[in-house]
Amino acid sequence: MTDSGSSDSRSPLDAEASELPTASEASQAPGSPGSPGSPERLARPSDGPSDPQSGASGASADASEASDGLDAVDAVDDVWDVVVVGAGPAGASAAHAAAVQGRRVLLLDKAEHPRYKTCGGGIIGPSRDSLPPGFRLPLQDRVHAVTFAYRGRFARTQRSKRMLFGLVNRDEFDLRLVQAAKQAGAVLVTGVSVTGVEQRGGEHRTAVVTAADGRRFEARAVVGADGSASRIGRHVGVTFDQIDLGLEAEIPVPAQVAADWAGRIHLDWGPLPGSYGWVFPKTESSSLTVGVISARGDGEGTKQYLADYVRRLGLSGFTPSVESGHLTRCRAEDSPLSRGRVLVAGDAAGLLEPWTREGISYALRSGRLAGEWAVKVAEAGDAAGVRREALNYAFAIKAGLGVEMRAGKQLLAAFERRPYLFHAAVCLVPAAWRAFARTTQGHTTFAQVLRQYRAARRLSALASR
């Protein structure tokens, strides 16, 4: 078996692996969800950062926070600097990035945290690098090995001395991101179903977010991070050229079964074009996240793939605690990222890795950028200034994530035609495995791999024929 990385490289995740708590450890850490040190008081619009001394915790605290936030918003007839719609990784990152600059930030979400999200929960190197300072990952497991299979056969396990990535439950992870945003001074209000946004010109120079219950939230800048079916994205005019269907099951298993999977994930290159399946072990909670994804249009085929995959893994005897589905939408390259004082980030902007459909790192990175540029939009004195800052935001996204997405689409096109070549490469060619491992660790990107390695370009070209 080959090892990933060179002797002088170190995974961003592995570098602090001994310091990163597991989920059970994290729940007792100061400042973590449910701990005595958790900051739970909501700041009102005129306040500074939230008071970190409150002892509220758990779901009941979240409910009281939502109520307090409603009172704060209803009681103050004021204009926020930034309103962020959606409190997932992109929205929480945007709210944090704006709030740490001392701006008044309102973070809206229709659901209360913690809540389940259809997601494998893999935290790769770029995700780890984009977290707020001091953020403690509620890790369920640390991955050092990958078992690759091609349509359930020809399995081979590759191992790395350095950690490849970490695994989290999205409910815990997202809750902690929201708490970080609140610690920075953002105000969270849940139970808000956003229906749209209106732009106001003239002397107002604001945008107004409208809710289903009739409430209106006015801001000098708005960030839409409300998921792949985004209302804000619709206002901006986001378009997609790739839509995929992901199906997932959370399967509780006995502790011994979970232990057998500890530190290892399973990836299966599937029977449908561009499809693959995964098993991500959540060892701390003795469960396995099993899912598949493929292009939208063959729902029955995708459902059958998941059933066959679970059966081949020997897991069909266990009853899932959650079964869910989700559409992922990947933006067209010329799709807009802003309109007036409104920016979009994460899934709302169609930002995700096209081949793997990995979205957490794209959400964190684009959310942070959106929050930073939303502050600049809010400070712009006229329409020309707003337009300039919005264009700068789009340039920052396209120069980074856009380049990576272009490479991902090239790899997906090749993978759809000849997935067995990818399987053979990652299993039998040490350089291909090292490139895969270094990408997950955050040392390189697919775009850099294609640019720097002629063999990777040749493989992509050969597979695309």
# chains A, B, ... in the order shown; residues from 1 in each chain; ligands from 1

$ select_by_dssp --residues "segment 123-319 of chain A" --states "helix (DSSP H, G or I)" --output "number ranges by chain"
A: 125-129, 170-183, 231-236, 255-261, 283-285, 299-312

$ residues_around --residues "Arg115 of chain A" --least-positions-apart "2" --cutoff "8 Å" --atoms "only C-alpha atoms" --output "count of residues only"
6

$ closest_atom_pairs --of "segment 222-300 of chain A" --to "segment 323-341 of chain A" --cutoff "6 Å" --atoms "only C-alpha atoms" --output "tab-separated table"
residue	atom	partner	partner_atom	distance
A:Val236	CA	A:Arg339	CA	5.2
A:Val238	CA	A:Ser335	CA	5.4
A:Thr239	CA	A:Ser335	CA	5.4
A:Phe240	CA	A:Arg331	CA	4.1
A:Asp241	CA	A:Ala332	CA	5.0
A:Gln242	CA	A:Cys330	CA	5.1
A:Ile243	CA	A:Arg329	CA	4.5
A:Asp244	CA	A:Thr328	CA	5.2
A:Leu245	CA	A:Leu327	CA	4.7
A:Gly246	CA	A:His326	CA	5.2
A:Leu247	CA	A:Gly325	CA	4.4
A:Glu248	CA	A:Ser324	CA	5.4
A:Ala249	CA	A:Glu323	CA	4.5

$ write_last_selection --atoms "N, CA, C and O atoms" --output "compact mmCIF listing (two decimals), in the first residue's frame"
# COMPACT_ATOMS: atom_id res chain seq x y z
N VAL A 236 -31.40 36.59 -7.97
CA VAL A 236 -30.14 36.96 -8.63
C VAL A 236 -30.11 36.46 -10.07
O VAL A 236 -29.50 37.08 -10.94
N VAL A 238 -29.48 32.93 -10.77
CA VAL A 238 -28.53 31.82 -10.85
C VAL A 238 -29.07 30.73 -11.77
O VAL A 238 -30.25 30.35 -11.68
N THR A 239 -28.23 30.23 -12.65
CA THR A 239 -28.61 29.14 -13.56
C THR A 239 -27.66 27.95 -13.35
O THR A 239 -26.52 28.12 -12.91
N PHE A 240 -28.14 26.76 -13.70
CA PHE A 240 -27.40 25.53 -13.45
C PHE A 240 -27.26 24.72 -14.74
O PHE A 240 -28.17 24.71 -15.57
N ASP A 241 -26.12 24.06 -14.88
CA ASP A 241 -25.95 23.17 -16.02
C ASP A 241 -25.69 21.72 -15.59
O ASP A 241 -25.37 20.87 -16.42
N GLN A 242 -25.83 21.46 -14.29
CA GLN A 242 -25.67 20.09 -13.78
C GLN A 242 -26.53 19.94 -12.53
O GLN A 242 -26.37 20.68 -11.56
N ILE A 243 -27.46 19.00 -12.56
CA ILE A 243 -28.30 18.72 -11.40
C ILE A 243 -28.22 17.22 -11.12
O ILE A 243 -28.45 16.39 -12.00
N ASP A 244 -27.90 16.88 -9.89
CA ASP A 244 -27.73 15.48 -9.49
C ASP A 244 -28.64 15.14 -8.32
O ASP A 244 -29.00 16.01 -7.52
N LEU A 245 -28.97 13.87 -8.22
CA LEU A 245 -29.80 13.36 -7.13
C LEU A 245 -28.95 12.52 -6.20
O LEU A 245 -28.32 11.54 -6.61
N GLY A 246 -28.92 12.93 -4.93
CA GLY A 246 -28.23 12.16 -3.91
C GLY A 246 -29.23 11.51 -2.96
O GLY A 246 -30.18 12.16 -2.52
N LEU A 247 -29.04 10.24 -2.68
CA LEU A 247 -29.86 9.50 -1.72
C LEU A 247 -28.96 8.99 -0.61
O LEU A 247 -27.83 8.57 -0.86
N GLU A 248 -29.47 9.03 0.61
CA GLU A 248 -28.61 8.72 1.75
C GLU A 248 -29.40 8.02 2.85
O GLU A 248 -30.60 8.26 3.02
N ALA A 249 -28.71 7.15 3.59
CA ALA A 249 -29.31 6.48 4.75
C ALA A 249 -28.33 6.54 5.91
O ALA A 249 -27.13 6.27 5.74

$ atom_distance --atom1 "atom CA of Ala98 of chain A" --atom2 "atom CA of Glu172 of chain A"
22.5 Å

$ residues_around --residues "segment 411-414 of chain A" --least-positions-apart "5" --cutoff "12 Å" --atoms "only C-alpha atoms" --output "ChimeraX atom specification"
/A:242,273-276,294-295,353-357,404-406,419-422,446-447,449-450,456-465

$ select_by_dssp --residues "segment 240-437 of chain A" --states "strand (DSSP E or B)" --output "mmCIF file with N, CA, C and O atoms, in the first residue's frame"
data_model
loop_
_atom_site.group_PDB
_atom_site.id
_atom_site.type_symbol
_atom_site.label_atom_id
_atom_site.label_comp_id
_atom_site.auth_asym_id
_atom_site.auth_seq_id
_atom_site.Cartn_x
_atom_site.Cartn_y
_atom_site.Cartn_z
ATOM 1 N N PHE A 240 -28.139 26.758 -13.699
ATOM 2 C CA PHE A 240 -27.397 25.533 -13.451
ATOM 3 C C PHE A 240 -27.260 24.723 -14.741
ATOM 4 O O PHE A 240 -28.172 24.710 -15.569
ATOM 5 N N ASP A 241 -26.122 24.061 -14.883
ATOM 6 C CA ASP A 241 -25.953 23.165 -16.019
ATOM 7 C C ASP A 241 -25.691 21.724 -15.590
ATOM 8 O O ASP A 241 -25.374 20.868 -16.416
ATOM 9 N N GLN A 242 -25.829 21.459 -14.289
ATOM 10 C CA GLN A 242 -25.670 20.093 -13.777
ATOM 11 C C GLN A 242 -26.530 19.939 -12.531
ATOM 12 O O GLN A 242 -26.367 20.681 -11.563
ATOM 13 N N ILE A 243 -27.456 18.996 -12.563
ATOM 14 C CA ILE A 243 -28.302 18.718 -11.401
ATOM 15 C C ILE A 243 -28.224 17.217 -11.116
ATOM 16 O O ILE A 243 -28.446 16.387 -12.004
ATOM 17 N N ASP A 244 -27.900 16.878 -9.885
ATOM 18 C CA ASP A 244 -27.725 15.482 -9.489
ATOM 19 C C ASP A 244 -28.635 15.140 -8.321
ATOM 20 O O ASP A 244 -28.999 16.014 -7.516
ATOM 21 N N LEU A 245 -28.968 13.868 -8.224
ATOM 22 C CA LEU A 245 -29.799 13.359 -7.133
ATOM 23 C C LEU A 245 -28.948 12.519 -6.196
ATOM 24 O O LEU A 245 -28.325 11.543 -6.613
ATOM 25 N N GLY A 246 -28.919 12.926 -4.931
ATOM 26 C CA GLY A 246 -28.226 12.157 -3.906
ATOM 27 C C GLY A 246 -29.228 11.514 -2.964
ATOM 28 O O GLY A 246 -30.180 12.160 -2.523
ATOM 29 N N LEU A 247 -29.038 10.236 -2.680
ATOM 30 C CA LEU A 247 -29.860 9.502 -1.717
ATOM 31 C C LEU A 247 -28.956 8.991 -0.606
ATOM 32 O O LEU A 247 -27.828 8.566 -0.864
ATOM 33 N N GLU A 248 -29.467 9.026 0.610
ATOM 34 C CA GLU A 248 -28.613 8.717 1.754
ATOM 35 C C GLU A 248 -29.402 8.024 2.847
ATOM 36 O O GLU A 248 -30.600 8.262 3.025
ATOM 37 N N ALA A 249 -28.715 7.152 3.589
ATOM 38 C CA ALA A 249 -29.311 6.478 4.746
ATOM 39 C C ALA A 249 -28.334 6.541 5.907
ATOM 40 O O ALA A 249 -27.133 6.269 5.736
ATOM 41 N N GLU A 250 -28.848 6.935 7.064
ATOM 42 C CA GLU A 250 -28.073 6.858 8.305
ATOM 43 C C GLU A 250 -28.412 5.528 8.963
ATOM 44 O O GLU A 250 -29.564 5.286 9.335
ATOM 45 N N ILE A 251 -27.411 4.659 9.099
ATOM 46 C CA ILE A 251 -27.663 3.300 9.569
ATOM 47 C C ILE A 251 -26.966 3.071 10.901
ATOM 48 O O ILE A 251 -25.731 2.948 10.953
ATOM 49 N N PRO A 252 -27.722 3.021 12.008
ATOM 50 C CA PRO A 252 -27.114 2.654 13.290
ATOM 51 C C PRO A 252 -26.648 1.201 13.237
ATOM 52 O O PRO A 252 -27.354 0.326 12.716
ATOM 53 N N ARG A 264 -11.812 4.348 8.103
ATOM 54 C CA ARG A 264 -11.811 3.953 6.691
ATOM 55 C C ARG A 264 -13.154 4.299 6.055
ATOM 56 O O ARG A 264 -14.198 4.069 6.649
ATOM 57 N N ILE A 265 -13.111 4.832 4.848
ATOM 58 C CA ILE A 265 -14.333 5.048 4.090
ATOM 59 C C ILE A 265 -14.357 4.104 2.894
ATOM 60 O O ILE A 265 -13.334 3.493 2.548
ATOM 61 N N HIS A 266 -15.513 3.976 2.268
ATOM 62 C CA HIS A 266 -15.684 3.123 1.096
ATOM 63 C C HIS A 266 -16.240 3.982 -0.038
ATOM 64 O O HIS A 266 -17.192 4.731 0.151
ATOM 65 N N LEU A 267 -15.616 3.902 -1.215
ATOM 66 C CA LEU A 267 -16.094 4.598 -2.404
ATOM 67 C C LEU A 267 -16.305 3.578 -3.513
ATOM 68 O O LEU A 267 -15.394 2.797 -3.828
ATOM 69 N N ASP A 268 -17.499 3.565 -4.082
ATOM 70 C CA ASP A 268 -17.849 2.625 -5.153
ATOM 71 C C ASP A 268 -18.208 3.405 -6.403
ATOM 72 O O ASP A 268 -19.143 4.221 -6.388
ATOM 73 N N TRP A 269 -17.456 3.178 -7.487
ATOM 74 C CA TRP A 269 -17.795 3.807 -8.765
ATOM 75 C C TRP A 269 -18.983 3.064 -9.350
ATOM 76 O O TRP A 269 -18.906 1.877 -9.653
ATOM 77 N N TYR A 276 -21.535 7.418 -8.080
ATOM 78 C CA TYR A 276 -20.695 6.692 -7.126
ATOM 79 C C TYR A 276 -21.426 6.598 -5.794
ATOM 80 O O TYR A 276 -22.388 7.319 -5.524
ATOM 81 N N GLY A 277 -20.964 5.670 -4.973
ATOM 82 C CA GLY A 277 -21.537 5.471 -3.642
ATOM 83 C C GLY A 277 -20.469 5.650 -2.578
ATOM 84 O O GLY A 277 -19.273 5.584 -2.868
ATOM 85 N N TRP A 278 -20.912 5.861 -1.337
ATOM 86 C CA TRP A 278 -19.956 6.085 -0.258
ATOM 87 C C TRP A 278 -20.466 5.518 1.058
ATOM 88 O O TRP A 278 -21.669 5.446 1.297
ATOM 89 N N VAL A 279 -19.524 5.130 1.892
ATOM 90 C CA VAL A 279 -19.787 4.805 3.290
ATOM 91 C C VAL A 279 -18.858 5.657 4.126
ATOM 92 O O VAL A 279 -17.637 5.568 3.998
ATOM 93 N N PHE A 280 -19.444 6.508 4.964
ATOM 94 C CA PHE A 280 -18.681 7.344 5.880
ATOM 95 C C PHE A 280 -19.032 6.903 7.309
ATOM 96 O O PHE A 280 -20.177 7.080 7.745
ATOM 97 N N PRO A 281 -18.080 6.335 8.031
ATOM 98 C CA PRO A 281 -18.377 5.861 9.387
ATOM 99 C C PRO A 281 -18.408 7.001 10.399
ATOM 100 O O PRO A 281 -17.532 7.858 10.413
ATOM 101 N N LYS A 282 -19.432 7.008 11.219
ATOM 102 C CA LYS A 282 -19.532 7.946 12.339
ATOM 103 C C LYS A 282 -19.326 7.128 13.608
ATOM 104 O O LYS A 282 -20.265 6.759 14.314
ATOM 105 N N SER A 287 -22.710 4.690 13.893
ATOM 106 C CA SER A 287 -23.586 4.685 12.734
ATOM 107 C C SER A 287 -22.748 4.817 11.470
ATOM 108 O O SER A 287 -21.593 5.249 11.512
ATOM 109 N N LEU A 288 -23.338 4.431 10.351
ATOM 110 C CA LEU A 288 -22.700 4.550 9.051
ATOM 111 C C LEU A 288 -23.576 5.416 8.154
ATOM 112 O O LEU A 288 -24.783 5.181 8.054
ATOM 113 N N THR A 289 -22.974 6.398 7.515
ATOM 114 C CA THR A 289 -23.682 7.191 6.521
ATOM 115 C C THR A 289 -23.419 6.564 5.158
ATOM 116 O O THR A 289 -22.280 6.554 4.686
ATOM 117 N N VAL A 290 -24.467 6.009 4.553
ATOM 118 C CA VAL A 290 -24.336 5.316 3.273
ATOM 119 C C VAL A 290 -25.163 6.076 2.242
ATOM 120 O O VAL A 290 -26.344 6.361 2.471
ATOM 121 N N GLY A 291 -24.541 6.416 1.114
ATOM 122 C CA GLY A 291 -25.264 7.185 0.112
ATOM 123 C C GLY A 291 -24.775 6.917 -1.288
ATOM 124 O O GLY A 291 -23.720 6.310 -1.495
ATOM 125 N N VAL A 292 -25.553 7.366 -2.261
ATOM 126 C CA VAL A 292 -25.175 7.308 -3.664
ATOM 127 C C VAL A 292 -25.618 8.609 -4.328
ATOM 128 O O VAL A 292 -26.526 9.286 -3.836
ATOM 129 N N ILE A 293 -24.980 8.933 -5.448
ATOM 130 C CA ILE A 293 -25.366 10.109 -6.198
ATOM 131 C C ILE A 293 -25.206 9.839 -7.686
ATOM 132 O O ILE A 293 -24.303 9.092 -8.094
ATOM 133 N N SER A 294 -26.107 10.391 -8.471
ATOM 134 C CA SER A 294 -26.027 10.269 -9.927
ATOM 135 C C SER A 294 -26.811 11.415 -10.549
ATOM 136 O O SER A 294 -27.513 12.154 -9.846
ATOM 137 N N ALA A 295 -26.708 11.559 -11.856
ATOM 138 C CA ALA A 295 -27.413 12.632 -12.538
ATOM 139 C C ALA A 295 -28.920 12.481 -12.355
ATOM 140 O O ALA A 295 -29.459 11.372 -12.383
ATOM 141 N N VAL A 322 -32.571 7.313 9.461
ATOM 142 C CA VAL A 322 -32.986 8.391 8.568
ATOM 143 C C VAL A 322 -32.725 7.945 7.135
ATOM 144 O O VAL A 322 -31.670 7.383 6.833
ATOM 145 N N GLU A 323 -33.687 8.190 6.263
ATOM 146 C CA GLU A 323 -33.502 8.000 4.830
ATOM 147 C C GLU A 323 -33.918 9.303 4.157
ATOM 148 O O GLU A 323 -35.008 9.814 4.409
ATOM 149 N N SER A 324 -33.058 9.837 3.304
ATOM 150 C CA SER A 324 -33.332 11.162 2.753
ATOM 151 C C SER A 324 -32.766 11.286 1.344
ATOM 152 O O SER A 324 -31.970 10.463 0.896
ATOM 153 N N GLY A 325 -33.216 12.328 0.658
ATOM 154 C CA GLY A 325 -32.726 12.621 -0.673
ATOM 155 C C GLY A 325 -32.502 14.114 -0.834
ATOM 156 O O GLY A 325 -33.052 14.932 -0.088
ATOM 157 N N HIS A 326 -31.706 14.473 -1.825
ATOM 158 C CA HIS A 326 -31.359 15.882 -1.994
ATOM 159 C C HIS A 326 -30.877 16.096 -3.420
ATOM 160 O O HIS A 326 -30.151 15.262 -3.978
ATOM 161 N N LEU A 327 -31.278 17.207 -4.022
ATOM 162 C CA LEU A 327 -30.772 17.596 -5.334
ATOM 163 C C LEU A 327 -29.600 18.554 -5.160
ATOM 164 O O LEU A 327 -29.685 19.530 -4.404
ATOM 165 N N THR A 328 -28.492 18.266 -5.821
ATOM 166 C CA THR A 328 -27.372 19.196 -5.860
ATOM 167 C C THR A 328 -27.370 19.879 -7.216
ATOM 168 O O THR A 328 -27.585 19.233 -8.248
ATOM 169 N N ARG A 329 -27.137 21.176 -7.215
ATOM 170 C CA ARG A 329 -27.179 21.957 -8.448
ATOM 171 C C ARG A 329 -25.858 22.693 -8.628
ATOM 172 O O ARG A 329 -25.430 23.437 -7.754
ATOM 173 N N CYS A 330 -25.243 22.490 -9.779
ATOM 174 C CA CYS A 330 -23.949 23.087 -10.082
ATOM 175 C C CYS A 330 -24.135 24.220 -11.093
ATOM 176 O O CYS A 330 -24.758 24.026 -12.135
ATOM 177 N N ARG A 331 -23.611 25.384 -10.787
ATOM 178 C CA ARG A 331 -23.847 26.574 -11.585
ATOM 179 C C ARG A 331 -23.265 26.473 -12.989
ATOM 180 O O ARG A 331 -22.231 25.836 -13.212
ATOM 181 N N SER A 338 -24.344 37.900 -8.247
ATOM 182 C CA SER A 338 -24.885 39.041 -7.508
ATOM 183 C C SER A 338 -25.917 39.745 -8.360
ATOM 184 O O SER A 338 -25.977 39.581 -9.584
ATOM 185 N N ARG A 339 -26.721 40.546 -7.687
ATOM 186 C CA ARG A 339 -27.649 41.468 -8.341
ATOM 187 C C ARG A 339 -27.875 42.634 -7.393
ATOM 188 O O ARG A 339 -28.441 42.463 -6.305
ATOM 189 N N VAL A 342 -27.366 42.335 -3.518
ATOM 190 C CA VAL A 342 -27.573 40.946 -3.110
ATOM 191 C C VAL A 342 -26.488 40.051 -3.704
ATOM 192 O O VAL A 342 -26.267 40.041 -4.920
ATOM 193 N N LEU A 343 -25.808 39.296 -2.831
ATOM 194 C CA LEU A 343 -24.807 38.320 -3.240
ATOM 195 C C LEU A 343 -25.320 36.922 -2.918
ATOM 196 O O LEU A 343 -26.143 36.755 -2.018
ATOM 197 N N VAL A 344 -24.827 35.909 -3.632
ATOM 198 C CA VAL A 344 -25.181 34.522 -3.318
ATOM 199 C C VAL A 344 -23.904 33.724 -3.084
ATOM 200 O O VAL A 344 -22.850 34.023 -3.640
#
